[in-house]
Amino acid sequence: MPHLIIECSANVVSQTSTQQLMNTVYAAAESTKLFTPGDIKVRIRPFETYRLAEGQDSFLHVFGYIMQGRTDEQKKQLSEVVVTALNQLIPDTTFISMNVMEFEKANYFNKGMINS
């Protein structure tokens with residue numbers, strides 16, 4: 001169920017492919033065993049226009065949205081595993097980061113829940 005949304009500067013994509021970036025995030029998230037296999041969703045938004053501080057030219061940030069119920073330690077583990085994997089893939093990227101936010105079960109609904 002997790003949604004992992006990659007936002008990055010377009011020059012990051014020139015270091016590798018969008019598919020490789022998504023595959024790396026997917027495999028890292030899957031390796032944590034926090035999610036049901038096959039439930040992970042990854043997408044990417046490269047930005048042509050952005051501004052960073054002087055001397056900094058690239059960034060990648062993963063926004064993780066997961067169903068509530070994981071501990072802070074599990075969420076931190078997810079971030080650490082994903083950022084470490086990305087750093088191995090694109091070590092010249094100035095900023096690589098991730099944060100994890102939770103969906104609340106009380107107000108989450110999807111197509112599979114219709115008439116259930």
# chains A, B, ... in the order shown; residues from 1 in each chain; ligands from 1
>>> residues_around(residues="Gly55 (chain A)", least_positions_apart="3", cutoff="12 Å", atoms="only C-alpha atoms", output="number ranges by chain")
A: 51-52, 58, 94-95
>>> residues_around(residues="Met22 (chain A)", least_positions_apart="4", cutoff="8 Å", atoms="only C-alpha atoms", output="MDAnalysis selection string")
chainID A and resid 6 18 26 42:44
>>> write_last_selection(atoms="C-alpha atoms", output="tab-separated table (two decimals), in the first residue's frame")
chain	number	residue	atom	x	y	z
A	6	ILE	CA	10.34	10.62	-5.90
A	18	THR	CA	13.92	7.08	-14.14
A	26	TYR	CA	11.06	-0.21	-4.80
A	42	VAL	CA	6.59	4.16	-6.81
A	43	ARG	CA	6.39	7.18	-9.11
A	44	ILE	CA	8.74	9.97	-10.06
>>> residues_around(residues="Lys105 (chain A)", least_positions_apart="4", cutoff="12 Å", atoms="only C-alpha atoms", output="list in words")
Met1, Ile66, Met67, Gln68, Gly69, Phe109 and Asn110 of chain A
>>> residues_around(residues="Glu48 (chain A)", least_positions_apart="3", cutoff="9 Å", atoms="only C-alpha atoms", output="list in words")
Ser9, Ala10 and Asn11 of chain A
>>> select_by_dssp(residues="chain A", states="helix (DSSP H, G or I)", output="VMD selection string")
chain A and resid 10 to 13 18 to 31 72 to 89 105 to 107 111 to 113
>>> atom_distance(atom1="CA of Asp57 (chain A)", atom2="CA of Val12 (chain A)")
9.5 Å
>>> atom_distance(atom1="CA of Asn23 (chain A)", atom2="CA of Ala53 (chain A)")
29.1 Å
>>> atom_distance(atom1="CA of Lys76 (chain A)", atom2="CA of Val13 (chain A)")
25.6 Å
>>> select_by_dssp(residues="region 6-88 of chain A", states="strand (DSSP E)", output="NGL selection string")
:A and (6-9 or 41-47 or 59-67)
>>> closest_residue(among="A:Val83, A:Met101, A:Ala29, A:Ile90", to="Thr16 (chain A)", atoms="only C-alpha atoms")
A:Ile90
>>> closest_residue(among="A:Tyr65, A:Phe59, A:Phe35, A:Phe47", to="Pro91 (chain A)", atoms="only C-alpha atoms")
A:Phe59
>>> closest_residue(among="A:Glu7, A:Asp92, A:Ser14, A:Gln77", to="Pro46 (chain A)", atoms="only C-alpha atoms")
A:Glu7
>>> closest_residue(among="A:Lys111, A:His61, A:Thr84, A:Pro37", to="Ser97 (chain A)", atoms="only C-alpha atoms")
A:His61
>>> decode(residues="region 48-65 of chain A", atoms="N, CA and C atoms", output="compact mmCIF listing (two decimals), in the first residue's frame")
# COMPACT_ATOMS: atom_id res chain seq x y z
N GLU A 48 12.59 20.35 -14.03
CA GLU A 48 13.53 21.13 -14.84
C GLU A 48 13.84 22.46 -14.15
N THR A 49 12.87 23.01 -13.44
CA THR A 49 13.01 24.31 -12.81
C THR A 49 13.00 24.16 -11.30
N TYR A 50 14.04 24.64 -10.66
CA TYR A 50 14.17 24.57 -9.20
C TYR A 50 15.30 25.51 -8.79
N ARG A 51 15.38 25.81 -7.52
CA ARG A 51 16.46 26.65 -7.00
C ARG A 51 17.04 26.02 -5.75
N LEU A 52 18.36 25.93 -5.72
CA LEU A 52 19.09 25.44 -4.55
C LEU A 52 20.11 26.50 -4.16
N ALA A 53 20.72 26.35 -3.01
CA ALA A 53 21.73 27.29 -2.55
C ALA A 53 22.95 27.27 -3.48
N GLU A 54 23.72 28.32 -3.42
CA GLU A 54 24.93 28.46 -4.23
C GLU A 54 25.81 27.22 -4.12
N GLY A 55 26.26 26.71 -5.25
CA GLY A 55 27.15 25.56 -5.27
C GLY A 55 26.46 24.21 -5.15
N GLN A 56 25.16 24.21 -5.02
CA GLN A 56 24.41 22.96 -4.91
C GLN A 56 23.56 22.82 -6.17
N ASP A 57 23.68 21.69 -6.83
CA ASP A 57 23.05 21.61 -8.14
C ASP A 57 22.08 20.45 -8.35
N SER A 58 21.88 19.61 -7.34
CA SER A 58 21.00 18.46 -7.57
C SER A 58 20.34 18.02 -6.26
N PHE A 59 19.16 17.43 -6.42
CA PHE A 59 18.45 16.92 -5.24
C PHE A 59 17.57 15.75 -5.62
N LEU A 60 17.28 14.93 -4.64
CA LEU A 60 16.28 13.87 -4.76
C LEU A 60 15.67 13.70 -3.38
N HIS A 61 14.34 13.75 -3.33
CA HIS A 61 13.63 13.53 -2.08
C HIS A 61 12.50 12.53 -2.34
N VAL A 62 12.36 11.58 -1.44
CA VAL A 62 11.28 10.59 -1.53
C VAL A 62 10.26 10.91 -0.44
N PHE A 63 9.03 11.11 -0.87
CA PHE A 63 7.91 11.28 0.05
C PHE A 63 7.26 9.91 0.20
N GLY A 64 7.30 9.36 1.40
CA GLY A 64 6.70 8.06 1.66
C GLY A 64 5.38 8.23 2.37
N TYR A 65 4.33 7.65 1.81
CA TYR A 65 3.00 7.67 2.43
C TYR A 65 2.63 6.22 2.72
